[in-house]
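Have a look at start_15.cif below; it lists mmCIF, C-alpha atoms.
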```cif
data_target
#
loop_
_atom_site.label_atom_id
_atom_site.label_comp_id
_atom_site.auth_asym_id
_atom_site.auth_seq_id
_atom_site.Cartn_x
_atom_site.Cartn_y
_atom_site.Cartn_z
CA MET A 34 -45.56 -79.60 14.41
CA ARG A 35 -46.39 -82.34 16.90
CA ARG A 36 -43.07 -81.67 18.61
CA LEU A 37 -43.94 -78.02 18.92
CA VAL A 38 -47.28 -78.84 20.51
CA LEU A 39 -45.62 -81.12 23.06
CA LEU A 40 -42.92 -78.56 23.74
CA CYS A 41 -45.56 -75.93 24.42
CA ALA A 42 -47.37 -78.42 26.64
CA GLY A 43 -44.20 -78.93 28.68
CA VAL A 44 -43.69 -75.21 29.18
CA PHE A 45 -47.37 -74.88 30.00
CA ILE A 46 -47.13 -77.60 32.68
CA ALA A 47 -44.13 -75.82 34.19
CA LEU A 48 -45.86 -72.48 34.34
CA ALA A 49 -49.43 -73.54 35.01
CA THR A 50 -48.56 -75.58 38.08
CA GLY A 51 -48.26 -72.26 39.82
CA CYS A 52 -45.80 -69.58 40.81
CA ASP A 53 -45.38 -67.44 43.89
CA ASP A 54 -42.64 -65.06 44.99
CA TYR A 55 -42.50 -65.75 48.69
CA ILE A 56 -39.45 -64.72 50.73
CA ILE A 57 -39.24 -66.85 53.86
CA PRO A 58 -38.69 -64.45 56.79
CA PRO A 59 -35.92 -65.35 59.24
CA PRO A 60 -37.34 -66.79 62.50
CA VAL A 61 -37.23 -64.68 65.66
CA ILE A 62 -35.24 -66.35 68.43
CA GLU A 63 -35.88 -65.33 72.01
CA GLU A 64 -33.09 -64.80 74.51
CA GLY A 65 -32.34 -67.15 77.38
CA ILE A 66 -31.76 -70.43 75.55
CA SER A 67 -31.65 -73.53 77.73
CA TYR A 68 -29.22 -76.22 76.57
CA ALA A 69 -31.19 -79.06 78.11
CA GLU A 70 -34.60 -77.86 76.94
CA GLN A 71 -33.87 -76.29 73.56
CA VAL A 72 -30.50 -77.44 72.19
CA GLN A 73 -30.30 -81.07 73.26
CA PRO A 74 -33.77 -81.83 71.78
CA ILE A 75 -32.38 -80.71 68.37
CA TRP A 76 -29.52 -83.19 68.70
CA ASP A 77 -31.98 -85.88 69.82
CA ASP A 78 -34.37 -85.25 66.95
CA LYS A 79 -31.99 -84.69 64.05
CA CYS A 80 -28.47 -85.78 64.92
CA VAL A 81 -28.04 -88.74 67.26
CA SER A 82 -29.14 -91.25 64.65
CA CYS A 83 -25.59 -90.84 63.28
CA HIS A 84 -23.70 -88.94 66.02
CA SER A 85 -24.13 -91.48 68.80
CA GLY A 86 -20.53 -92.18 69.70
CA ASN A 87 -19.36 -93.75 66.46
CA MET A 88 -18.99 -90.44 64.67
CA ASP A 89 -17.76 -87.10 66.03
CA PRO A 90 -19.25 -85.12 67.65
CA ASP A 91 -20.94 -87.38 70.16
CA LEU A 92 -24.36 -85.76 70.65
CA ARG A 93 -26.01 -88.23 73.03
CA PRO A 94 -27.68 -86.47 75.99
CA GLU A 95 -25.19 -87.62 78.60
CA GLU A 96 -22.14 -86.84 76.44
CA SER A 97 -22.94 -83.92 74.16
CA TYR A 98 -22.17 -80.83 76.27
CA GLU A 99 -18.85 -82.14 77.52
CA PHE A 100 -17.85 -83.31 74.05
CA LEU A 101 -18.69 -80.04 72.32
CA MET A 102 -16.89 -77.91 74.90
CA THR A 103 -13.69 -79.96 75.09
CA ASN A 104 -13.20 -80.68 71.40
CA GLY A 105 -13.25 -77.18 69.94
CA TYR A 106 -16.77 -77.22 68.52
CA VAL A 107 -17.84 -74.05 70.33
CA ASP A 108 -16.23 -70.60 70.09
CA THR A 109 -18.04 -68.18 72.40
CA LEU A 110 -15.82 -65.26 71.30
CA ASN A 111 -16.82 -65.71 67.64
CA PRO A 112 -20.11 -67.62 67.80
CA GLU A 113 -20.60 -67.66 64.02
CA SER A 114 -17.18 -69.27 63.57
CA SER A 115 -18.04 -72.15 65.90
CA LEU A 116 -17.42 -75.45 64.18
CA ILE A 117 -20.76 -76.87 65.32
CA TYR A 118 -22.60 -73.91 63.76
CA SER A 119 -20.60 -73.82 60.52
CA LYS A 120 -21.24 -77.55 60.05
CA LEU A 121 -24.96 -76.79 60.17
CA LEU A 122 -24.65 -74.33 57.31
CA SER A 123 -23.05 -76.56 54.73
CA GLY A 124 -23.78 -79.67 52.75
CA ALA A 125 -26.20 -82.30 53.95
CA HIS A 126 -26.42 -80.89 57.49
CA ALA A 127 -27.88 -77.64 56.16
CA SER A 128 -30.84 -79.51 54.74
CA ARG A 129 -31.63 -81.37 57.97
CA ALA A 130 -31.79 -78.49 60.45
CA THR A 131 -34.42 -75.78 60.10
CA GLU A 132 -33.43 -72.11 60.17
CA GLU A 133 -34.98 -71.84 63.63
CA GLU A 134 -32.83 -74.70 64.92
CA LYS A 135 -29.66 -73.23 63.43
CA LEU A 136 -30.33 -69.82 64.97
CA THR A 137 -31.26 -71.38 68.33
CA ILE A 138 -27.84 -73.05 68.46
CA LEU A 139 -26.14 -69.79 67.44
CA GLN A 140 -28.04 -67.91 70.15
CA TRP A 141 -27.03 -70.50 72.76
CA ILE A 142 -23.34 -70.01 71.84
CA THR A 143 -23.75 -66.21 71.80
CA GLU A 144 -25.15 -66.39 75.33
CA GLY A 145 -22.01 -68.16 76.53
CA ALA A 146 -22.80 -71.81 75.76
CA GLN A 147 -24.05 -72.56 79.26
CA ASN A 148 -24.88 -76.06 80.47
CA ASN A 149 -28.30 -74.94 81.71
CA MET B 23 -17.90 -62.69 36.97
CA LYS B 24 -18.25 -60.59 33.81
CA LYS B 25 -15.19 -62.30 32.44
CA ASN B 26 -16.83 -65.66 32.99
CA ILE B 27 -19.97 -64.58 31.17
CA TYR B 28 -17.85 -63.38 28.25
CA LEU B 29 -16.12 -66.76 28.15
CA ALA B 30 -19.44 -68.61 28.06
CA VAL B 31 -20.75 -66.34 25.28
CA LEU B 32 -17.48 -66.75 23.35
CA LEU B 33 -17.81 -70.50 23.54
CA CYS B 34 -21.36 -70.24 22.23
CA VAL B 35 -20.33 -67.99 19.35
CA GLY B 36 -17.37 -70.24 18.53
CA CYS B 37 -19.67 -73.23 18.42
CA LEU B 38 -22.02 -71.54 15.99
CA GLY B 39 -19.11 -70.21 13.90
CA TRP B 40 -17.72 -73.68 13.40
CA ALA B 41 -21.20 -74.83 12.52
CA THR B 42 -21.50 -72.21 9.80
CA MET B 43 -18.14 -73.18 8.27
CA THR B 44 -19.08 -76.82 8.00
CA PHE B 45 -22.48 -75.87 6.64
CA ALA B 46 -20.83 -75.24 3.31
CA GLN B 47 -19.58 -78.79 2.91
CA GLU B 48 -20.57 -80.37 -0.37
CA GLU B 49 -21.48 -83.96 0.51
CA GLU B 50 -25.07 -84.25 1.75
CA ASP B 51 -25.50 -86.94 4.37
CA ASN B 52 -28.41 -85.68 6.36
CA ARG B 53 -28.68 -88.55 8.79
CA PRO B 54 -28.36 -87.49 12.43
CA ILE B 55 -24.97 -87.90 14.05
CA SER B 56 -24.26 -90.50 16.71
CA PRO B 57 -25.16 -89.26 20.20
CA PRO B 58 -22.61 -86.58 21.08
CA PHE B 59 -22.54 -87.54 24.79
CA GLY B 60 -22.47 -90.86 26.59
CA ALA B 61 -25.63 -90.38 28.66
CA GLU B 62 -28.58 -88.11 29.33
CA LEU B 63 -26.51 -86.37 32.00
CA LEU B 64 -23.02 -84.95 31.66
CA ILE B 65 -22.22 -84.27 35.34
CA ASP B 66 -25.22 -82.51 36.80
CA ASN B 67 -26.55 -80.91 33.66
CA GLN B 68 -28.56 -82.63 30.98
CA THR B 69 -27.15 -83.24 27.50
CA THR B 70 -29.01 -83.22 24.19
CA VAL B 71 -29.08 -87.03 24.33
CA ASN B 72 -32.40 -88.84 24.84
CA PRO B 73 -32.82 -92.53 25.68
CA GLY B 74 -34.78 -93.16 22.46
CA LYS B 75 -38.23 -94.69 22.07
CA GLY B 76 -38.82 -97.29 24.79
CA GLY B 77 -35.39 -96.64 26.25
CA PHE B 78 -35.07 -96.79 30.02
CA SER B 79 -32.18 -95.67 32.14
CA MET B 80 -31.35 -95.35 35.80
CA GLU B 81 -29.12 -92.66 37.26
CA ILE B 82 -27.28 -92.81 40.55
CA GLN B 83 -25.65 -89.51 41.52
CA HIS B 84 -23.51 -89.19 44.60
CA ARG B 85 -21.65 -86.30 46.25
CA PHE B 86 -19.36 -86.76 49.20
CA SER B 87 -18.93 -83.93 51.67
CA LYS B 88 -16.41 -81.13 51.26
CA ILE B 89 -12.74 -82.07 51.18
CA GLU B 90 -11.45 -80.68 54.49
CA LYS B 91 -9.07 -83.03 56.24
CA ILE B 92 -7.48 -86.45 56.14
CA ASP B 93 -9.57 -87.63 59.16
CA ASP B 94 -12.65 -88.08 57.00
CA ILE B 95 -10.67 -89.31 53.98
CA PHE B 96 -11.26 -86.12 52.00
CA GLY B 97 -15.01 -86.05 52.56
CA ILE B 98 -15.71 -89.73 52.00
CA TYR B 99 -16.66 -90.29 55.68
CA GLY B 100 -18.65 -87.04 55.79
CA SER B 101 -22.36 -86.69 55.13
CA ALA B 102 -23.12 -87.32 51.49
CA ASN B 103 -25.89 -86.40 49.10
CA THR B 104 -27.45 -88.91 46.74
CA ARG B 105 -30.00 -88.88 43.96
CA ILE B 106 -31.57 -91.84 42.27
CA GLY B 107 -33.51 -91.20 39.08
CA PHE B 108 -35.15 -92.96 36.17
CA ASN B 109 -35.62 -91.81 32.57
CA TYR B 110 -37.97 -93.20 29.97
CA GLY B 111 -38.10 -92.42 26.27
CA ILE B 112 -41.71 -91.93 25.15
CA THR B 113 -40.57 -91.37 21.58
CA ASP B 114 -37.15 -90.99 20.01
CA TRP B 115 -37.26 -87.30 20.79
CA ALA B 116 -39.29 -87.04 24.03
CA MET B 117 -38.19 -88.20 27.46
CA VAL B 118 -39.69 -88.06 30.93
CA GLY B 119 -37.87 -88.71 34.17
CA ILE B 120 -38.37 -88.82 37.90
CA GLY B 121 -35.91 -88.74 40.74
CA THR B 122 -35.44 -88.32 44.44
CA THR B 123 -32.58 -86.57 46.23
CA ARG B 124 -31.58 -87.01 49.86
CA ASP B 125 -30.70 -83.43 50.81
CA TYR B 126 -33.77 -81.23 51.17
CA MET B 127 -35.86 -84.32 50.31
CA LEU B 128 -36.23 -83.16 46.71
CA GLN B 129 -38.59 -85.02 44.40
CA ASP B 130 -38.17 -84.11 40.75
CA LEU B 131 -40.22 -84.64 37.65
CA ASN B 132 -38.44 -83.75 34.44
CA TRP B 133 -38.98 -83.79 30.70
CA LYS B 134 -36.73 -83.30 27.71
CA PHE B 135 -37.61 -82.79 24.05
CA ARG B 136 -35.08 -83.01 21.26
CA ILE B 137 -36.12 -80.34 18.81
CA PHE B 138 -33.55 -81.10 16.11
CA THR B 139 -30.35 -83.07 15.80
CA GLN B 140 -27.05 -82.19 14.19
CA SER B 141 -26.71 -83.90 10.81
CA ARG B 142 -23.61 -85.60 9.45
CA SER B 143 -23.50 -83.29 6.46
CA GLY B 144 -23.57 -80.24 8.65
CA LYS B 145 -26.80 -79.05 7.06
CA THR B 146 -28.17 -78.95 10.61
CA PRO B 147 -25.06 -77.70 12.39
CA VAL B 148 -26.11 -78.21 16.00
CA SER B 149 -28.50 -80.24 18.12
CA LEU B 150 -31.13 -78.43 20.15
CA SER B 151 -33.11 -79.78 23.09
CA TYR B 152 -35.44 -78.27 25.62
CA PHE B 153 -35.24 -79.53 29.20
CA GLY B 154 -37.60 -78.66 32.03
CA ASN B 155 -38.37 -79.84 35.51
CA ALA B 156 -40.58 -79.27 38.52
CA VAL B 157 -38.99 -80.03 41.89
CA LEU B 158 -40.84 -80.56 45.15
CA ASP B 159 -39.11 -79.90 48.48
CA ALA B 160 -40.71 -82.50 50.77
CA ARG B 161 -39.23 -81.35 54.09
CA PRO B 162 -41.60 -80.69 57.02
CA ASP B 163 -43.78 -77.56 56.91
CA GLU B 164 -41.70 -75.66 59.49
CA ASN B 165 -38.95 -75.17 56.91
CA PHE B 166 -41.16 -72.81 54.92
CA GLY B 167 -41.63 -70.00 57.39
CA PRO B 168 -44.50 -69.07 59.70
CA GLU B 169 -47.40 -71.51 59.72
CA GLU B 170 -49.96 -68.83 58.81
CA ASN B 171 -48.13 -68.04 55.55
CA TYR B 172 -47.59 -71.64 54.51
CA ARG B 173 -48.85 -72.75 51.12
CA PHE B 174 -48.05 -76.03 49.41
CA ILE B 175 -46.92 -74.16 46.32
CA HIS B 176 -43.93 -72.76 48.29
CA ARG B 177 -42.35 -76.18 48.05
CA LEU B 178 -42.02 -76.04 44.28
CA SER B 179 -39.29 -74.79 41.96
CA TYR B 180 -38.98 -75.02 38.19
CA LEU B 181 -36.17 -75.08 35.69
CA ASN B 182 -36.31 -74.41 31.96
CA GLN B 183 -33.30 -74.81 29.75
CA LEU B 184 -32.47 -74.78 26.05
CA ILE B 185 -29.46 -76.96 25.33
CA VAL B 186 -27.42 -76.44 22.16
CA SER B 187 -24.75 -79.04 21.48
CA ARG B 188 -22.25 -79.57 18.72
CA ALA B 189 -20.06 -82.58 18.08
CA PHE B 190 -16.69 -81.71 16.54
CA GLY B 191 -15.86 -85.04 15.02
CA SER B 192 -16.27 -88.14 17.14
CA ARG B 193 -14.01 -87.09 20.02
CA VAL B 194 -15.04 -83.62 21.08
CA SER B 195 -18.55 -82.45 21.96
CA LEU B 196 -19.50 -79.12 23.49
CA GLN B 197 -22.80 -77.74 24.70
CA VAL B 198 -24.15 -74.47 25.99
CA ALA B 199 -27.44 -73.86 27.73
CA PRO B 200 -29.16 -70.69 28.83
CA THR B 201 -31.07 -71.68 31.97
CA PHE B 202 -33.90 -70.14 33.93
CA VAL B 203 -34.84 -71.27 37.45
CA TYR B 204 -37.82 -70.12 39.44
CA ASN B 205 -38.19 -70.87 43.17
CA ASN B 206 -41.60 -70.20 44.67
CA SER B 207 -40.03 -69.55 48.07
CA VAL B 208 -36.49 -68.58 49.07
CA PRO B 209 -34.83 -67.51 52.32
CA GLU B 210 -33.95 -63.83 52.71
CA GLY B 211 -30.92 -62.84 50.64
CA PHE B 212 -31.75 -65.05 47.67
CA LYS B 213 -33.90 -64.50 44.58
CA ASN B 214 -37.03 -66.28 43.41
CA ALA B 215 -36.04 -65.89 39.76
CA ASN B 216 -32.55 -66.95 38.74
CA ALA B 217 -30.81 -67.33 35.40
CA SER B 218 -27.51 -68.83 34.37
CA ILE B 219 -25.38 -69.64 31.34
CA TYR B 220 -24.02 -73.14 31.24
CA ALA B 221 -21.20 -74.61 29.18
CA GLY B 222 -20.02 -78.20 29.19
CA GLY B 223 -17.81 -80.46 27.16
CA LYS B 224 -16.59 -83.96 26.57
CA PHE B 225 -13.14 -84.74 25.23
CA GLN B 226 -12.74 -88.38 24.36
CA VAL B 227 -9.17 -89.38 25.05
CA LEU B 228 -8.97 -93.16 25.06
CA GLY B 229 -11.52 -95.62 23.68
CA PHE B 230 -14.87 -94.62 25.20
CA HIS B 231 -13.18 -92.79 28.06
CA SER B 232 -13.41 -89.02 28.20
CA ILE B 233 -12.50 -85.95 30.16
CA ILE B 234 -15.66 -84.05 31.07
CA LEU B 235 -16.09 -80.44 32.20
CA GLU B 236 -19.02 -78.31 33.29
CA TYR B 237 -19.34 -74.66 34.18
CA ASN B 238 -22.52 -72.86 35.17
CA GLN B 239 -22.48 -69.12 35.75
CA PRO B 240 -25.43 -67.49 37.56
CA ILE B 241 -26.06 -64.12 35.94
CA LEU B 242 -28.43 -62.39 38.36
CA LYS B 243 -27.10 -60.64 41.46
CA THR B 244 -28.25 -61.78 44.89
CA ASP B 245 -27.59 -60.26 48.33
CA GLU B 246 -25.97 -63.50 49.46
CA ASP B 247 -22.94 -64.77 47.53
CA VAL B 248 -23.91 -67.38 44.94
CA TYR B 249 -20.88 -68.89 43.24
CA PRO B 250 -20.55 -70.43 39.78
CA ASN B 251 -20.72 -74.18 39.56
CA LEU B 252 -17.62 -75.87 38.24
CA ALA B 253 -16.97 -79.57 37.83
CA ALA B 254 -14.28 -81.63 36.11
CA GLY B 255 -13.78 -85.34 35.86
CA VAL B 256 -13.52 -88.44 33.75
CA GLU B 257 -16.17 -90.53 32.08
CA ILE B 258 -15.71 -94.26 31.66
CA GLY B 259 -18.16 -95.51 29.08
CA THR B 260 -19.34 -99.01 28.24
CA SER B 261 -22.22 -100.11 26.02
CA THR B 262 -24.70 -100.24 28.91
CA HIS B 263 -23.10 -98.09 31.61
CA SER B 264 -21.58 -94.68 31.96
CA PHE B 265 -19.46 -94.00 35.03
CA ARG B 266 -18.35 -90.50 35.85
CA VAL B 267 -15.98 -89.55 38.65
CA PHE B 268 -15.28 -85.87 39.25
CA VAL B 269 -14.50 -83.00 41.59
CA THR B 270 -17.08 -80.29 41.94
CA ASN B 271 -17.97 -77.34 44.16
CA TYR B 272 -21.71 -78.02 44.44
CA ASN B 273 -23.37 -80.81 46.30
CA SER B 274 -27.00 -80.07 45.53
CA ILE B 275 -27.16 -82.39 42.47
CA ILE B 276 -30.45 -80.77 41.46
CA LEU B 277 -29.63 -77.71 39.36
CA ASN B 278 -32.54 -75.69 40.75
CA ARG B 279 -30.63 -75.45 44.01
CA SER B 280 -27.10 -75.30 42.58
CA ILE B 281 -27.92 -72.27 40.47
CA SER B 282 -29.91 -70.48 43.18
CA TYR B 283 -27.94 -71.20 46.37
CA ASN B 284 -24.42 -72.53 45.75
CA GLN B 285 -22.19 -70.94 48.40
CA ASN B 286 -19.11 -73.06 47.75
CA ASN B 287 -16.32 -71.25 45.94
CA PHE B 288 -14.24 -73.67 43.87
CA PHE B 289 -11.19 -71.41 44.09
CA ASP B 290 -11.40 -71.19 47.90
CA GLY B 291 -11.06 -74.94 48.00
CA ASP B 292 -14.73 -75.70 48.64
CA ILE B 293 -14.65 -78.85 46.57
CA MET B 294 -15.84 -82.41 46.91
CA PHE B 295 -15.62 -85.70 45.11
CA GLY B 296 -18.64 -87.12 43.35
CA PHE B 297 -19.63 -89.89 41.01
CA ASN B 298 -22.52 -90.66 38.69
CA ILE B 299 -23.54 -94.00 37.27
CA THR B 300 -26.01 -94.26 34.41
CA ILE B 301 -27.32 -97.71 33.55
CA ARG B 302 -29.20 -98.25 30.30
CA PHE B 303 -31.72 -101.06 30.06
CA ARG B 304 -32.00 -101.22 26.31
#
```
Please lay out the structure from this file as structure tokens.
Amino acid sequence: MRRLVLLCAGVFIALATGCDDYIIPPPVIEEGISYAEQVQPIWDDKCVSCHSGNMDPDLRPEESYEFLMTNGYVDTLNPESSLIYSKLLSGAHASRATEEEKLTILQWITEGAQNN
Amino acid sequence: MKKNIYLAVLLCVGCLGWATMTFAQEEEDNRPISPPFGAELLIDNQTTVNPGKGGFSMEIQHRFSKIEKIDDIFGIYGSANTRIGFNYGITDWAMVGIGTTRDYMLQDLNWKFRIFTQSRSGKTPVSLSYFGNAVLDARPDENFGPEENYRFIHRLSYLNQLIVSRAFGSRVSLQVAPTFVYNNSVPEGFKNANASIYAGGKFQVLGFHSIILEYNQPILKTDEDVYPNLAAGVEIGTSTHSFRVFVTNYNSIILNRSISYNQNNFFDGDIMFGFNITIRFR
């Protein structure tokens, strides 16, 4: 009987702590992404602690654009197939970048991956 | 997918069928059997095993990144996910645990109650446990949508699971577990409420060393593809430690995410190496 009471208490804790059914809407990304002002800050904030020359891709401010463009990380014909974008969708990387950051990078590639 | 559900149900029915056959045995030794699994965890799913009153254990769970190329030594140089957790036995049949996971900054509080245990005579043919958790996603607020809609509760998800296990002699143990997961917030394309059927097994092959398998089939349709979780490996057991090395197609570690979001298809080669270490302090 005591077990049953505790079991019910456990279920109660799980349910009583609160439920909601929120669907997070996808962020709206504006056109005209600037690499220097919108993409590089993402690398600076989330990536360069590891990707600072010791680990590919090199995402330091002075190196990142050149590295991404010459090592096959960006595919402007199929932006969603770009290696840099697909890396952001899987595994540990997916948990570090927000949806807005991922879509900003995708938009930058879609707009031709300019060094602007 | 239907085929997979049938397989899981068949395993469940087989388990109960065997239980009924042995129920008729004449000798009555109603003491509980030895623990059917080596630790509280099999690979990522809980077992019916509890640490016992005053028992304390530590879990280290590690997933390398996806096996893609030789350059990163099959995922070992890639970005990894790690969980560290602790379990404590309040009584012989009740356990509480806490843990923290690197990806998505997940903080979990979990509890497990053993409702009854398989007896040696077969009078109680299976063991039954209830496992539940509440998981907090501690990432910054901007990960939960527009600021005006943000509520703390959106960070939480819950899992409830009934685990039925059966030891077939001392070498083979199987378990099945209907599982329900509820996420208070999900991105578009996924569901708040998710359910799955889980099946797992241990096949002891040499001393305390076993082959271990897990399969978890989500049963509710989502707009985005969510693939079943499959893992296979070996367990190396000692009196105080349990080491498990395996390949798996899910790197979330926490089941709440694996069941709701796993987009790695085992049969497309989306697999990774992982290992678990459980250390018992009693």
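Distances from A:Glu99, A:Leu92, A:Glu133, A:Ala146 to Ser115 (chain A) were compared using all atoms listed in the file, and the smallest one belongs to A:Ala146.
One distance worth recording is that between CA of Glu164 (chain B) and CA of Pro240 (chain B), which is 28.5 Å.
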List, as an mmCIF file with C-alpha atoms, in the coordinates of the input, every residue that the PyMOL selection byres ((chain A) within 6 of (chain B)) selects in the file provided.
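The resulting file, out.cif, is shown below:
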```
data_model
loop_
_atom_site.group_PDB
_atom_site.id
_atom_site.type_symbol
_atom_site.label_atom_id
_atom_site.label_comp_id
_atom_site.auth_asym_id
_atom_site.auth_seq_id
_atom_site.Cartn_x
_atom_site.Cartn_y
_atom_site.Cartn_z
ATOM 1 C CA CYS A 52 -45.800 -69.580 40.810
ATOM 2 C CA ASP A 53 -45.380 -67.440 43.890
ATOM 3 C CA ASP A 54 -42.640 -65.060 44.990
ATOM 4 C CA TYR A 55 -42.500 -65.750 48.690
ATOM 5 C CA ILE A 56 -39.450 -64.720 50.730
ATOM 6 C CA ILE A 57 -39.240 -66.850 53.860
ATOM 7 C CA ALA A 125 -26.200 -82.300 53.950
ATOM 8 C CA SER A 128 -30.840 -79.510 54.740
ATOM 9 C CA THR A 131 -34.420 -75.780 60.100
#
```
Practice item. Please evaluate the PyMOL selection byres ((chain A and resi 80) around 10) against the displayed coordinates and give the resulting residues as a PyMOL selection string. Key: chain A and resi 73-79+81-85+90-93+126+129-130
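Atom to atom, CA of Leu242 (chain B) and CA of Ile281 (chain B) stand 10.1 Å apart.
Between CA of Thr70 (chain B) and CA of Arg177 (chain B) the separation is 28.2 Å.
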Check your understanding: Care to translate the PyMOL selection byres ((chain A and resi 148) around 12) into actual residues of this file, as a ChimeraX atom specification?
Key -> /A:66-73,94-102,141-142,144-147,149
**Study point:** All residues 9 Å or closer to Glu81 (chain B), all atoms listed in the file, same chain fewer than 4 positions away omitted, as a ChimeraX atom specification
**Key:** /B:63,105-109,121,298-302
Enclose all atoms of region 214-232 of chain B listed in the file in an axis-aligned box, grow every side by 4 Å, and hand back centre and edge lengths in Å to one decimal, as lines of an AutoDock Vina configuration file.
```
center_x = -23.0
center_y = -80.8
center_z = 33.5
size_x = 36.1
size_y = 37.7
size_z = 27.7
```
What's around Ile276 (chain B) at 9 Å? Count only C-alpha atoms, leave out sequence neighbours fewer than 5 positions away in its own chain, and write the answer as a PDB file with C-alpha atoms, in the coordinates of the input.
```pdb
ATOM      1  CA  ASP B  66     -25.220 -82.510  36.800  1.00  0.00           C
ATOM      2  CA  ASN B  67     -26.550 -80.910  33.660  1.00  0.00           C
ATOM      3  CA  ARG B 105     -30.000 -88.880  43.960  1.00  0.00           C
ATOM      4  CA  THR B 123     -32.580 -86.570  46.230  1.00  0.00           C
ATOM      5  CA  LEU B 128     -36.230 -83.160  46.710  1.00  0.00           C
ATOM      6  CA  ASP B 130     -38.170 -84.110  40.750  1.00  0.00           C
ATOM      7  CA  VAL B 157     -38.990 -80.030  41.890  1.00  0.00           C
ATOM      8  CA  ILE B 281     -27.920 -72.270  40.470  1.00  0.00           C
TER       9      ILE B 281
END
```
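Candidate residues A:Ile138, A:Ile62, A:Asn104, A:Gly51 were compared for distance to Tyr118 (chain A), and the nearest is A:Ile138, using all atoms listed in the file.
Between Gly119 (chain B) and the residues B:Gln140, B:Gln68, B:Ser282, B:Ser192, the shortest atom-to-atom distance, using only C-alpha atoms, involves B:Gln68.
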Output requested as an mmCIF file, in the coordinates of the input - region 79-93 of chain A, filled out with N, CA and C atoms.
```cif
data_model
loop_
_atom_site.group_PDB
_atom_site.id
_atom_site.type_symbol
_atom_site.label_atom_id
_atom_site.label_comp_id
_atom_site.auth_asym_id
_atom_site.auth_seq_id
_atom_site.Cartn_x
_atom_site.Cartn_y
_atom_site.Cartn_z
ATOM 1 N N LYS A 79 -32.577 -84.708 65.389
ATOM 2 C CA LYS A 79 -31.990 -84.690 64.050
ATOM 3 C C LYS A 79 -30.613 -85.344 63.938
ATOM 4 N N CYS A 80 -29.899 -85.496 65.048
ATOM 5 C CA CYS A 80 -28.470 -85.780 64.920
ATOM 6 C C CYS A 80 -28.005 -87.131 65.465
ATOM 7 N N VAL A 81 -28.615 -87.567 66.595
ATOM 8 C CA VAL A 81 -28.040 -88.740 67.260
ATOM 9 C C VAL A 81 -28.214 -90.044 66.473
ATOM 10 N N SER A 82 -29.036 -90.026 65.451
ATOM 11 C CA SER A 82 -29.140 -91.250 64.650
ATOM 12 C C SER A 82 -27.781 -91.594 64.029
ATOM 13 N N CYS A 83 -26.959 -90.584 63.760
ATOM 14 C CA CYS A 83 -25.590 -90.840 63.280
ATOM 15 C C CYS A 83 -24.557 -90.542 64.382
ATOM 16 N N HIS A 84 -24.722 -89.403 65.061
ATOM 17 C CA HIS A 84 -23.700 -88.940 66.020
ATOM 18 C C HIS A 84 -23.976 -89.522 67.406
ATOM 19 N N SER A 85 -23.808 -90.833 67.523
ATOM 20 C CA SER A 85 -24.130 -91.480 68.800
ATOM 21 C C SER A 85 -22.901 -92.189 69.368
ATOM 22 N N GLY A 86 -21.746 -91.592 69.137
ATOM 23 C CA GLY A 86 -20.530 -92.180 69.700
ATOM 24 C C GLY A 86 -19.610 -92.777 68.657
ATOM 25 N N ASN A 87 -20.185 -93.173 67.520
ATOM 26 C CA ASN A 87 -19.360 -93.750 66.460
ATOM 27 C C ASN A 87 -18.772 -92.673 65.565
ATOM 28 N N MET A 88 -19.403 -91.515 65.573
ATOM 29 C CA MET A 88 -18.990 -90.440 64.670
ATOM 30 C C MET A 88 -18.953 -89.129 65.461
ATOM 31 N N ASP A 89 -17.859 -88.387 65.331
ATOM 32 C CA ASP A 89 -17.760 -87.100 66.030
ATOM 33 C C ASP A 89 -18.688 -86.071 65.399
ATOM 34 N N PRO A 90 -19.250 -85.153 66.192
ATOM 35 C CA PRO A 90 -19.250 -85.120 67.650
ATOM 36 C C PRO A 90 -20.292 -86.068 68.233
ATOM 37 N N ASP A 91 -20.003 -86.499 69.448
ATOM 38 C CA ASP A 91 -20.940 -87.380 70.160
ATOM 39 C C ASP A 91 -22.056 -86.494 70.734
ATOM 40 N N LEU A 92 -23.272 -86.666 70.258
ATOM 41 C CA LEU A 92 -24.360 -85.760 70.650
ATOM 42 C C LEU A 92 -25.427 -86.439 71.505
ATOM 43 N N ARG A 93 -25.061 -87.574 72.117
ATOM 44 C CA ARG A 93 -26.010 -88.230 73.030
ATOM 45 C C ARG A 93 -26.195 -87.362 74.273
#
```
